[in-house]
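Coordinates as given in input04.cif (mmCIF, C-alpha atoms and all ligand atoms):
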```cif
data_model
loop_
_atom_site.label_atom_id
_atom_site.label_comp_id
_atom_site.auth_asym_id
_atom_site.auth_seq_id
_atom_site.Cartn_x
_atom_site.Cartn_y
_atom_site.Cartn_z
CA MET G 109 18.11 262.31 115.49
CA GLY G 110 18.10 263.53 119.06
CA HIS G 111 21.11 264.36 121.13
CA THR G 112 20.94 261.04 122.97
CA ASP G 113 20.92 259.01 119.75
CA GLY G 114 23.96 260.88 118.50
CA LYS G 115 25.82 260.31 121.74
CA ARG G 116 24.94 256.63 121.70
CA ARG G 117 26.24 256.37 118.16
CA ARG G 118 29.53 258.06 119.11
CA ASP G 119 29.90 255.74 122.08
CA TRP G 120 29.40 252.80 119.80
CA ILE G 121 32.12 254.00 117.45
CA LEU G 122 34.51 254.58 120.33
CA SER G 123 33.70 251.25 121.94
CA PRO G 124 32.99 248.70 119.23
CA GLU G 125 32.75 245.87 121.73
CA PRO G 126 30.98 247.34 124.74
CA ILE G 127 30.92 245.09 127.77
CA PRO G 128 27.39 245.27 129.19
CA ALA G 129 27.11 246.89 132.58
CA SER G 130 24.51 244.33 133.55
CA GLY G 131 26.03 241.56 135.63
CA ASP G 132 24.02 238.68 134.15
CA VAL G 133 25.56 238.46 130.65
CA PRO G 134 28.64 236.23 130.75
CA VAL G 135 31.88 237.79 129.56
CA VAL G 136 34.10 235.06 128.14
CA GLY G 137 37.73 235.63 127.19
CA VAL G 138 39.15 233.70 124.24
CA LEU G 139 42.93 233.32 124.04
CA ALA G 140 43.74 234.96 120.71
CA LEU G 141 47.45 234.34 120.21
CA GLN G 142 47.03 231.71 117.48
CA GLY G 143 44.42 229.24 116.27
CA ASP G 144 40.67 229.30 115.67
CA PHE G 145 39.67 231.82 118.35
CA ARG G 146 37.25 233.63 115.99
CA GLU G 147 35.14 230.52 115.58
CA HIS G 148 34.79 230.17 119.36
CA ARG G 149 33.71 233.80 119.60
CA VAL G 150 30.98 233.24 117.02
CA VAL G 151 29.48 230.24 118.85
CA LEU G 152 29.67 231.89 122.28
CA GLY G 153 28.13 235.06 120.86
CA ARG G 154 25.26 233.06 119.36
CA LEU G 155 24.62 231.63 122.82
CA GLY G 156 24.33 235.07 124.37
CA ALA G 157 27.81 235.60 125.82
CA VAL G 158 29.96 238.67 125.28
CA THR G 159 33.45 237.65 124.18
CA ARG G 160 36.82 239.32 124.44
CA GLU G 161 40.05 238.41 122.65
CA VAL G 162 42.82 237.91 125.18
CA ARG G 163 46.38 238.82 124.24
CA ARG G 164 47.62 240.75 127.25
CA LEU G 165 47.40 240.27 130.98
CA ASP G 166 44.92 243.16 131.27
CA ASP G 167 42.49 241.33 128.99
CA LEU G 168 42.00 238.68 131.69
CA ALA G 169 40.38 241.15 134.10
CA ASP G 170 36.82 240.40 135.24
CA LEU G 171 36.21 237.43 132.97
CA ASP G 172 33.44 234.97 133.81
CA GLY G 173 34.89 232.23 131.60
CA PHE G 174 37.94 231.55 129.47
CA VAL G 175 38.56 229.50 126.30
CA ILE G 176 41.80 228.23 124.76
CA PRO G 177 41.17 227.42 121.09
CA GLY G 178 42.55 224.81 118.72
CA GLY G 179 45.70 225.57 116.80
CA GLU G 180 49.26 224.51 117.47
CA SER G 181 49.94 223.89 121.15
CA THR G 182 53.70 224.50 120.93
CA THR G 183 53.01 227.94 119.42
CA ILE G 184 50.22 228.77 121.86
CA VAL G 185 52.32 227.71 124.88
CA LYS G 186 55.36 229.62 123.62
CA LEU G 187 53.42 232.83 123.01
CA MET G 188 51.56 232.45 126.30
CA HIS G 189 54.92 232.43 128.10
CA GLU G 190 56.26 235.31 126.02
CA TYR G 191 53.20 237.43 126.73
CA ALA G 192 53.46 236.46 130.43
CA LEU G 193 49.88 235.23 130.44
CA ASP G 194 50.35 231.85 132.13
CA ASP G 195 50.28 232.99 135.75
CA GLY G 196 47.20 235.11 135.01
CA ILE G 197 45.37 232.17 133.45
CA VAL G 198 46.32 229.90 136.36
CA ALA G 199 45.10 232.54 138.82
CA LEU G 200 41.83 232.93 136.90
CA ALA G 201 41.21 229.16 137.03
CA GLY G 202 42.29 229.07 140.67
CA ALA G 203 39.55 231.61 141.44
CA GLY G 204 37.03 229.09 140.10
CA THR G 205 36.50 230.66 136.67
CA PRO G 206 35.40 227.97 134.19
CA VAL G 207 37.96 227.25 131.47
CA TYR G 208 37.42 225.30 128.24
CA GLY G 209 40.13 224.05 125.86
CA THR G 210 39.70 222.44 122.44
CA CYS G 211 42.40 220.29 120.85
CA ALA G 212 45.59 222.39 121.20
CA GLY G 213 43.71 224.08 124.08
CA LEU G 214 43.26 220.67 125.72
CA ILE G 215 47.02 220.08 125.43
CA THR G 216 47.77 223.55 126.84
CA LEU G 217 45.57 222.86 129.91
CA SER G 218 46.92 219.35 130.53
CA ARG G 219 49.38 218.19 133.15
CA GLU G 220 51.77 216.98 130.47
CA SER G 221 52.05 215.29 127.10
CA VAL G 222 53.72 211.91 126.64
CA GLU G 223 56.07 213.59 124.17
CA GLY G 224 57.14 216.19 126.75
CA GLY G 225 58.55 219.46 125.56
CA ALA G 226 55.92 222.10 126.03
CA GLN G 227 55.42 223.51 129.49
CA THR G 228 51.68 223.13 129.85
CA LEU G 229 49.46 224.79 132.47
CA GLY G 230 48.60 221.69 134.53
CA LEU G 231 45.02 222.77 135.22
CA ILE G 232 43.49 219.35 134.50
CA ASP G 233 45.01 216.07 135.63
CA ILE G 234 45.40 214.44 132.24
CA VAL G 235 48.35 213.20 130.25
CA VAL G 236 47.82 213.66 126.53
CA ARG G 237 49.25 212.12 123.38
CA ARG G 238 49.61 214.70 120.65
CA ASN G 239 48.65 213.93 117.04
CA ALA G 240 47.39 210.60 118.39
CA PHE G 241 45.07 209.80 115.47
CA GLY G 242 47.71 210.40 112.82
CA ARG G 243 48.81 213.22 110.59
CA GLN G 244 46.83 216.12 109.16
CA VAL G 245 45.69 213.99 106.20
CA HIS G 246 44.13 211.58 108.68
CA SER G 247 41.81 214.26 110.04
CA PHE G 248 38.25 212.95 110.27
CA GLU G 249 34.78 213.49 111.68
CA ALA G 250 32.75 211.10 113.82
CA ASP G 251 29.38 211.06 115.57
CA LEU G 252 30.06 210.41 119.25
CA GLN G 253 27.89 209.84 122.28
CA MET G 254 28.49 212.45 124.93
CA PRO G 255 25.87 211.70 127.61
CA VAL G 256 26.05 215.11 129.33
CA LEU G 257 24.66 216.58 126.07
CA GLY G 258 21.70 214.19 125.88
CA ASP G 259 20.95 211.31 123.51
CA ALA G 260 21.75 212.92 120.16
CA PRO G 261 25.36 212.24 119.19
CA VAL G 262 27.77 215.12 118.77
CA ARG G 263 29.51 215.63 115.41
CA ALA G 264 33.16 215.63 116.40
CA VAL G 265 35.81 217.09 114.09
CA PHE G 266 39.33 215.77 114.72
CA ILE G 267 42.20 217.71 113.14
CA ARG G 268 45.58 216.26 114.04
CA ALA G 269 43.98 215.75 117.40
CA PRO G 270 45.38 214.47 120.67
CA TRP G 271 43.73 211.86 122.83
CA ILE G 272 43.84 211.59 126.58
CA GLU G 273 46.29 208.85 127.44
CA ARG G 274 45.77 208.84 131.22
CA CYS G 275 43.54 210.69 133.68
CA GLY G 276 43.83 211.29 137.40
CA ASN G 277 41.04 210.17 139.78
CA GLY G 278 39.42 213.59 139.88
CA VAL G 279 38.80 213.64 136.13
CA ARG G 280 35.44 212.69 134.64
CA VAL G 281 35.58 211.29 131.10
CA LEU G 282 32.70 212.71 129.03
CA CYS G 283 33.29 211.04 125.67
CA SER G 284 35.58 208.37 124.22
CA LEU G 285 36.70 207.14 120.81
CA GLN G 286 38.61 203.95 120.01
CA GLY G 287 38.98 203.32 123.74
CA HIS G 288 40.54 206.72 124.46
CA ALA G 289 38.99 209.65 126.28
CA VAL G 290 38.48 212.63 123.94
CA ALA G 291 36.43 214.88 126.24
CA ALA G 292 36.75 215.32 129.99
CA GLU G 293 36.23 217.68 132.88
CA GLN G 294 37.69 218.28 136.29
CA GLY G 295 35.82 220.81 138.37
CA GLN G 296 35.56 223.94 136.29
CA VAL G 297 37.99 222.82 133.58
CA LEU G 298 36.47 221.27 130.44
CA VAL G 299 38.44 219.86 127.49
CA THR G 300 37.61 218.29 124.12
CA ALA G 301 40.12 216.82 121.67
CA PHE G 302 37.70 217.76 118.88
CA HIS G 303 36.37 221.09 117.62
CA PRO G 304 32.68 221.84 118.35
CA GLU G 305 33.36 225.43 117.26
CA LEU G 306 33.62 224.16 113.67
CA THR G 307 30.19 222.52 113.49
CA GLY G 308 26.73 223.99 113.84
CA ASP G 309 26.19 222.12 117.10
CA ALA G 310 26.57 224.55 119.99
CA ARG G 311 25.77 222.08 122.78
CA VAL G 312 29.34 221.70 124.10
CA HIS G 313 29.69 225.49 124.35
CA GLY G 314 26.23 225.53 125.96
CA TYR G 315 27.44 223.00 128.52
CA PHE G 316 30.47 225.22 129.20
CA LEU G 317 28.30 228.34 129.53
CA ASP G 318 26.12 226.48 132.07
CA LYS G 319 29.26 226.21 134.21
CA VAL G 320 29.99 229.90 133.62
CA ARG G 321 26.45 230.94 134.60
CA ALA G 322 26.51 228.72 137.70
CA HIS G 323 29.81 230.32 138.69
CA MET G 324 28.31 233.79 138.20
CA ALA G 325 25.14 232.90 140.10
CA ALA G 326 27.29 231.79 143.02
CA GLY G 327 28.82 235.25 143.13
CA GLY G 328 31.96 234.20 141.31
CA ASP G 329 33.63 233.04 144.48
CA VAL G 330 32.83 229.34 144.64
CA VAL G 331 35.56 227.36 146.29
CA GLN G 332 36.78 225.11 143.51
CA ASN G 333 38.74 221.94 143.37
CA VAL G 334 40.95 223.35 140.66
CA THR G 335 44.50 222.97 141.78
CA GLN G 336 47.51 223.43 139.70
CA LEU G 337 49.21 220.13 139.22
CA GLY G 338 52.84 221.07 138.87
CA ARG G 339 53.34 223.04 135.71
CA GLY G 340 53.82 220.59 132.92
CA VAL G 341 57.06 218.80 132.30
CA VAL G 342 60.08 219.88 130.39
CA ARG G 343 62.10 216.95 129.13
N1 LIG G 401 48.24 218.91 116.57
C1 LIG G 401 48.06 220.14 117.28
C2 LIG G 401 48.96 220.21 118.51
O1 LIG G 401 49.59 219.27 118.83
C3 LIG G 401 46.61 220.34 117.70
C4 LIG G 401 45.76 220.46 116.47
C5 LIG G 401 44.47 221.22 116.70
O2 LIG G 401 44.32 222.05 117.60
N2 LIG G 401 43.54 221.00 115.81
O3 LIG G 401 49.01 221.22 119.13
#
```

Written as structure tokens, that's how I'd like the structure from this file.
Ligand code: GLN
Amino acid sequence: MGHTDGKRRRDWILSPEPIPASGDVPVVGVLALQGDFREHRVVLGRLGAVTREVRRLDDLADLDGFVIPGGESTTIVKLMHEYALDDGIVALAGAGTPVYGTCAGLITLSRESVEGGAQTLGLIDIVVRRNAFGRQVHSFEADLQMPVLGDAPVRAVFIRAPWIERCGNGVRVLCSLQGHAVAAEQGQVLVTAFHPELTGDARVHGYFLDKVRAHMAAGGDVVQNVTQLGRGVVR
């Protein structure tokens, strides 16, 4: 083993998750306060992104994309406030960085929930109904058409999922179930009420990474129509 190999090995041990110097590999942060953040990392990694768990403000630096996982939105929102991450996430989205939220992540990104209570980020102009399909025992899977992914339906896993009760004009509905929107986007913000990170189908994450790569190709400074919509509602 030559000197260089040894040095490389030591560097690897010191930096188990090296961020590539090359500018063309997307670096995606995954909010890792609670919920299924590991599953998102696996899918994004399979698609060629480098991922970073985000728990502190510093972890948001230089990200090309950001994901808020499924879990429990009240817990995620509470910890996000406690860790003083909300302003950083809003600033990241305001700079045009693509953001994707699944289930509890969708709720966290919404303008408000019909139940009120949690102070959400207001990064997509939707009002959500939490636990809209029933309790945990009513969790289910369905094959849904999501035209932006092509003709093959997407296997959608709903776990005590919300639906989108109302959307603002700027929101594009991507997929519906029982007459309610369950996937949508507004500019660089993408949300699904279901969990593509729990199936083998990586197309939703691929769709998100297309946004991330387009943002990177544009030099990361695209002027976006992401505006913060008045930070949630506390009732
Ligand atoms: N029911 C949860 C909430 O309201 C979301 C569940 C999930 O992320 N699978 O936050």

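When only C-alpha atoms and all ligand atoms are used to measure the gap to ligand LIG 401 (chain G), the shortest distance among G:Ala326, G:Ile176, G:Ala203, G:Leu152 belongs to G:Ile176.
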
Next item on the list: Name all residues at most 7 Å from Arg238 (chain G) (count only C-alpha atoms; drop same-chain ones fewer than 4 positions away) and give them as a VMD selection string.
Entry: chain G and resid 221 269 to 271

Next, the residues of the selection above should be written as a compact mmCIF listing (two decimals), in the coordinates of the input with C-alpha atoms.
```
# COMPACT_ATOMS: atom_id res chain seq x y z
CA SER G 221 52.05 215.29 127.10
CA ALA G 269 43.98 215.75 117.40
CA PRO G 270 45.38 214.47 120.67
CA TRP G 271 43.73 211.86 122.83
```

Checklist line | Between CA of Ser218 (chain G) and CA of Gly204 (chain G) - distance in Å to one decimal | finding: 16.9 Å

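Here CA of Ala201 (chain G) is placed at a distance of 26.7 Å from CA of Val262 (chain G).
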
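CA of Ala250 (chain G) to CA of Leu214 (chain G) spans 18.5 Å [interatomic distance, one decimal].
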
Item checked: Surroundings of ligand LIG 401 (chain G) up to 9 Å, based on only C-alpha atoms and all ligand atoms, as a PyMOL selection string -> chain G and resi 143-144+177-184+210-216+237-240+243-244+265-270+301-303

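Each of G:Val320, G:Ala260, G:Leu168, G:Cys275 was compared to Val236 (chain G) using all atoms listed in the file, and G:Cys275 turns out to be the nearest.
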
Using all atoms listed in the file, I'd like a table of the residues in region 217-248 of chain G that come within 8 Å of region 280-297 of chain G; for each, show the closest atom pair and its distance in Å rounded to one decimal, ordered by chain and ascending number, as a tab-separated table.
```
residue	atom	partner	partner_atom	distance
G:Leu231	CA	G:Val297	CA	7.2
G:Ile232	CA	G:Gln294	CA	6.2
G:Asp233	CA	G:Gln294	CA	7.7
```

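Minimum atom-to-atom distances from G:Met324, G:Val235, G:Leu229, G:Val312 to Pro255 (chain G) were compared using all atoms listed in the file, and the lowest value belongs to G:Val312.
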
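The shortest atom-to-atom distance to Phe241 (chain G), with all atoms listed in the file taken into account, belongs to G:Ile272 out of G:Ala325, G:Asp194, G:Ile272, G:Thr205.
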
Next item on the list: Taking (38.4, 233.7, 138.9) in the file's own coordinates, collect the residues within 9 Å, counting only C-alpha atoms, and hand them back as a PyMOL selection string.
Entry: chain G and resi 170-173+197+199-206+328-329

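Closest approach to Val135 (chain G) among G:Val245, G:Val299, G:Leu317, G:Met188 is made by G:Leu317 (distances from all atoms listed in the file).
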
Margin query: Please list, as an MDAnalysis selection string, the residues that have an atom at most 12 Å away from (28.7, 232.0, 119.3) in the coordinates of this file, counting all atoms listed in the file.
Written below: chainID G and resid 136 138 145:159 304:314 317

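Residue nearest Ala322 (chain G) within the list G:Pro134, G:Leu217, G:Val256, G:Phe248: G:Pro134 [criterion: smallest interatomic distance, all atoms listed in the file].
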